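J.: What follows is a structure written as structure tokens; I'll ask about it next.
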Amino acid sequence: MLFRSIDTETTGLDPITSELVGISFSVRENEAFYVPVPADRDEAEKLVALFRDVIEDESKMKIGQNIKYDYIVLKNYGVEIRGDIFDTMIAHYLLQPEQRHNMDYLAEVYLKYRTIHIEELIGSGKKQLSMRDVPLPVVSEYACEDADVTFQLKTVFEKELKKENLEKLFYGIEMPLVRVLGDMEMEGVKIDTNALRDFSVILTEQMRKIELKIYEEAGYEFNIGSPKAVGEILFDRLKLDEKAKKTKTGQYSTSEDVLEKLKDKHPVVELILEHRGLKKLLSTYVDSLPTLIDKRTGKIHTSFNQAVTATGRLSSSNPNLQNIPIRTEIGKELRRAFIPDEGCTFFSADYSQIELRLMAEMSHDKNMVDAFLSGEDIHAATAAKIYKVPIEEVTREMRNRAKTANFGIIYGISAFGLATRLNISGKEAKQLIEGYFETYPGVKAYMEKSIEIAREKGYVETLFGRKRMLPDITSRNSVVRSYAERNAINAPLQGTAADIIKIAMINISRRFHQENLKASMILQVHDELNFNVPTHELDTVRNIVIEEMENAHKMNVPLIAECGSGQNWLEAH
DNA sequence: CCCAGCACGC
DNA sequence: GACGTACGTGCTGGGT
């Protein structure tokens with residue numbers, strides 16, 4: 001056989017820390033083998049090594065359900081899954097991005113077969129067993145079933161991928177990316193725990209001071225962390241707004257934009273906002289990141305999920321390293337704690353305006369294409385054209401409005417939405433949009449065409465054929481329909497940007513190996529890549545990364561990548 | 001254990 | 001008249 005499915009049973013969910021319990025294989029339908037792995041680490045590695053020829057055979061395709069997991073676990077035991085791979089989870093993600101992709105579901109839908117669910121073996125909740133405590137015949141049956149089902153799903157999905165024209169995207173981008181992501185996760189990111197400890201002390205002190213001030217100003221003590229309590233204080237007791245906005249559950253809304261507008265009415269409002277910001281910073285990042293450092297590697301290992309988002313982007317979890325603060329002065333300080341290894345430099349590169357460039361590229365709008373070709377500041381150039389002034393005479397206000405309009409366009413704008421964003425009247429917003437479409441008529445046509453395509457086919461596509469289904473595009477409910485229409489505009493742009501950076505990641509990883517570099521890619525944040533680079537390799541790495549990012553896909557509108565380096569993420573950005 | 005509300009990123 | 005800008009993850013409070 002030219003391919004085989006493989007599945008590992010382990011002691012947990014995290015591939016970095018979990019230990020192998022067994023490995024199952026299948027090479028034909030309705031047949032599978034299970035190899036139990038001893039708990040003793042040395043014994044285990046010896047046993048796994050016996051399967052090196054099978055697992056590392058370049059000529060055999062390896063089939064797996066979420067095979068990045070098995071790749072990481074096995075690599076920790078000294079063997080590396082090589083050869084082409086076929087991930088059934090990701091295959092289904094390309095076929096039905098917004099459905100579920102777990103094996104139990106896939107087996108029921110595509111094979112009409114109900115699998116043994118893991119909870120039936122190890123239970124769930126607090127009193128969950130380890131897979132190691134499950135009797136051999138039971139775990140063997142379960143593991144073999146998984147390998148068999150995965151094998152059978154591959155037969156179904158390879159045909160579907162072909163039928164849906166998704167083969168290039170699957171075999172050319174998503175599958176090569178699996179190992180790249182696995183390597184990134186294993187590499188991890190180093191954290192300066194001393195810096196975080198100091199930062200925590202400062203933030204906690206500040207928060208305590210603000211807390212006391214809040215009680216003083218409000219005249220009451222209440223739970224500042226409870227939106228319900230905050231709403232009652234602001235609106236029932238202090239009566240800051242007679243017709244306060246309520247959430248759908250009937251509670252007062254105390255969201256940032258609501259509080260922002262109440263700032264002038266009472267000094268407590270700004271203090272509450274500050275308190276919230278600090279609390280978020282502490283609980284989500286400063287105090288929690290150190291607890292997530294892996295004892296063995298001394299680093300943080302996120303997991304990059306390749307089958308979650310509706311558009312093709314990656315997501316990051318446990319912890320999410322794609323939402324580390326950058327906007328506020330105090331928040332961005334956190335990035336000082338993300339550091340390179342000894343003797344290394346933190347290197348960061350990001351695409352400049354990739355989604356707007358793709359709007360220019362895909363719409364062929366002459367004015368927008370020219371603006372990018374001439375290398376102008378795109379927001380200033382947009383403002384100059386809308387307000388019909390020379391680019392030198394564009395004010396900050398004009399540029400800011402044009403910038404918001406540019407962002408709005410990518411998301412599928414409405415006049416009301418733009419008005420709220422810019423705090424201007426509906427009429428002014430409408431005029432701004434009209435000016436925008438006069439400036440970029442091709443963009444307007446492209447947006448209409450995207451919606452038209454969605455109506456005709458029921459889905460939209462990226463440049464690389466990634467689909468997003470939009471059944472709601474014909475809904476009689478205008479709210480539901482408008483939502484689908486915005487997705488019809490946004491998904492091809494956001495999704496194509498995701499495809500392009502994935503290509504860049506694969507090519508960068510290949511170049512690093514080819515050129516025997518010790519540098520490693522460690523993070524992806526949608527349009528940004530971060531690296532841990534031995535300092536003497538910095539010039540080489542910079543050239544490779546910029547070259548591969550800018551040439552990931554040949555376009556008429558140039559793709560530009562900008563970069564920086566330093567002793568931490570903040571300095572590099 | 002689950003959901004709502006909120007806040008962080010792109 | 002309501003709705004009102006895409007895509008995510010994590011924490012806390014508060015209900016069951």
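Just remember, in the structure tokens the first chain shown is A, the second B, etc., residues are 1-based per chain, and ligands are 1-based in the order shown.
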List every residue of range 25-62 of chain A that DSSP, applied to the backbone of this structure, places in helix (DSSP H, G or I), and write the result as a list in words.

T.: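 Output for range 25-62 of chain A, helix (DSSP H, G or I) only: Arg41, Asp42, Glu43, Ala44, Glu45, Lys46, Leu47, Val48, Ala49, Arg52, Asp53, Val54 and Ile55 of chain A.
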
J.: Restrict the selected residues to C-alpha atoms and save them as an mmCIF file, in the first residue's frame.

T.:
```
data_model
loop_
_atom_site.group_PDB
_atom_site.id
_atom_site.type_symbol
_atom_site.label_atom_id
_atom_site.label_comp_id
_atom_site.auth_asym_id
_atom_site.auth_seq_id
_atom_site.Cartn_x
_atom_site.Cartn_y
_atom_site.Cartn_z
ATOM 1 C CA ARG A 41 10.464 6.521 28.880
ATOM 2 C CA ASP A 42 13.619 4.687 27.769
ATOM 3 C CA GLU A 43 11.704 1.501 27.066
ATOM 4 C CA ALA A 44 9.100 3.520 25.201
ATOM 5 C CA GLU A 45 11.664 5.215 22.978
ATOM 6 C CA LYS A 46 13.292 1.888 22.188
ATOM 7 C CA LEU A 47 9.962 0.455 21.176
ATOM 8 C CA VAL A 48 8.961 3.460 19.083
ATOM 9 C CA ALA A 49 12.323 3.275 17.312
ATOM 10 C CA ARG A 52 11.066 4.259 12.615
ATOM 11 C CA ASP A 53 11.193 2.686 9.143
ATOM 12 C CA VAL A 54 7.416 2.682 8.941
ATOM 13 C CA ILE A 55 6.869 6.183 10.304
#
```

J.: Once you count only C-alpha atoms (C1' of nucleotides), what closest atom pair and distance in Å to one decimal does each residue of chain A within 7 Å of chain B have, with rows by chain and rising residue number, as a Markdown table?

T.:
```
| residue | atom | partner | partner_atom | distance |
| --- | --- | --- | --- | --- |
| A:Pro227 | CA | B:DG5 | C1' | 6.9 |
| A:Ser255 | CA | B:DC6 | C1' | 6.6 |
| A:Lys280 | CA | B:DA7 | C1' | 6.9 |
| A:Gln322 | CA | B:DG9 | C1' | 5.7 |
| A:Asn323 | CA | B:DG9 | C1' | 3.5 |
| A:Ile324 | CA | B:DG9 | C1' | 6.2 |
| A:Pro325 | CA | B:DC8 | C1' | 6.1 |
| A:His526 | CA | B:DC10 | C1' | 6.3 |
```

J.: Find the nearest atom pair between each residue of chain A and chain C for residues within 8 Å, count only C-alpha atoms (C1' of nucleotides), give distances in Å to one decimal, sort rows by chain and ascending number, and present the table as JSON lines.

T.:
```
{"residue": "A:Gly225", "atom": "CA", "partner": "C:DT12", "partner_atom": "C1'", "distance": 7.0}
{"residue": "A:Ser226", "atom": "CA", "partner": "C:DG13", "partner_atom": "C1'", "distance": 5.8}
{"residue": "A:Lys280", "atom": "CA", "partner": "C:DC11", "partner_atom": "C1'", "distance": 7.5}
{"residue": "A:Ser283", "atom": "CA", "partner": "C:DC11", "partner_atom": "C1'", "distance": 6.9}
{"residue": "A:Thr284", "atom": "CA", "partner": "C:DC11", "partner_atom": "C1'", "distance": 6.4}
{"residue": "A:Thr309", "atom": "CA", "partner": "C:DC7", "partner_atom": "C1'", "distance": 7.0}
{"residue": "A:Ala310", "atom": "CA", "partner": "C:DC7", "partner_atom": "C1'", "distance": 7.6}
{"residue": "A:Thr311", "atom": "CA", "partner": "C:DC7", "partner_atom": "C1'", "distance": 7.2}
{"residue": "A:Arg313", "atom": "CA", "partner": "C:DC7", "partner_atom": "C1'", "distance": 7.7}
{"residue": "A:Ser315", "atom": "CA", "partner": "C:DG8", "partner_atom": "C1'", "distance": 6.3}
{"residue": "A:Ser316", "atom": "CA", "partner": "C:DT9", "partner_atom": "C1'", "distance": 7.6}
{"residue": "A:Ser317", "atom": "CA", "partner": "C:DT9", "partner_atom": "C1'", "distance": 6.5}
{"residue": "A:Asn320", "atom": "CA", "partner": "C:DT9", "partner_atom": "C1'", "distance": 6.0}
{"residue": "A:Gly408", "atom": "CA", "partner": "C:DT5", "partner_atom": "C1'", "distance": 6.0}
{"residue": "A:Ile410", "atom": "CA", "partner": "C:DA6", "partner_atom": "C1'", "distance": 7.6}
{"residue": "A:Tyr411", "atom": "CA", "partner": "C:DA6", "partner_atom": "C1'", "distance": 4.9}
{"residue": "A:Gly412", "atom": "CA", "partner": "C:DT5", "partner_atom": "C1'", "distance": 6.4}
{"residue": "A:Ile413", "atom": "CA", "partner": "C:DT5", "partner_atom": "C1'", "distance": 6.0}
{"residue": "A:Ser414", "atom": "CA", "partner": "C:DG4", "partner_atom": "C1'", "distance": 7.1}
{"residue": "A:Phe416", "atom": "CA", "partner": "C:DG4", "partner_atom": "C1'", "distance": 5.7}
{"residue": "A:Gly417", "atom": "CA", "partner": "C:DG4", "partner_atom": "C1'", "distance": 5.3}
{"residue": "A:Val479", "atom": "CA", "partner": "C:DC3", "partner_atom": "C1'", "distance": 6.2}
{"residue": "A:Arg486", "atom": "CA", "partner": "C:DA6", "partner_atom": "C1'", "distance": 7.6}
{"residue": "A:Asn487", "atom": "CA", "partner": "C:DA6", "partner_atom": "C1'", "distance": 6.9}
{"residue": "A:Asn490", "atom": "CA", "partner": "C:DA6", "partner_atom": "C1'", "distance": 5.8}
{"residue": "A:Ala491", "atom": "CA", "partner": "C:DA6", "partner_atom": "C1'", "distance": 7.4}
{"residue": "A:Gln494", "atom": "CA", "partner": "C:DA6", "partner_atom": "C1'", "distance": 7.8}
```

J.: Per DSSP on the backbone, filter range 215-373 of chain A down to the residues in strand (DSSP E) and report them as JSON, numbers by chain.

T.: {"A": [299, 300, 303, 304, 305, 315, 316, 317, 338, 339, 344, 345, 346, 347, 348, 349, 350, 351]}

J.: Could you write out the selected residues, including C-alpha atoms, as a JSON list (two decimals), in the first residue's frame?

T.:
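Now in selection_14.json:
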```json
[["chain", "number", "residue", "atom", "x", "y", "z"],
["A", 299, "LYS", "CA", 9.00, 27.90, 27.14],
["A", 300, "ILE", "CA", 5.39, 28.61, 26.24],
["A", 303, "SER", "CA", -1.30, 25.53, 19.69],
["A", 304, "PHE", "CA", -2.09, 26.80, 16.21],
["A", 305, "ASN", "CA", -5.39, 25.50, 15.04],
["A", 315, "SER", "CA", -6.27, 30.55, 15.45],
["A", 316, "SER", "CA", -4.08, 30.21, 18.53],
["A", 317, "SER", "CA", -5.03, 28.81, 21.92],
["A", 338, "PHE", "CA", 8.66, 37.73, 24.97],
["A", 339, "ILE", "CA", 12.35, 37.16, 24.45],
["A", 344, "CYS", "CA", 19.60, 35.10, 19.55],
["A", 345, "THR", "CA", 17.56, 38.05, 18.35],
["A", 346, "PHE", "CA", 13.78, 38.43, 18.13],
["A", 347, "PHE", "CA", 12.87, 39.10, 14.51],
["A", 348, "SER", "CA", 9.43, 40.18, 13.32],
["A", 349, "ALA", "CA", 8.07, 40.76, 9.80],
["A", 350, "ASP", "CA", 4.58, 41.75, 8.75],
["A", 351, "TYR", "CA", 2.64, 42.40, 5.58]]
```
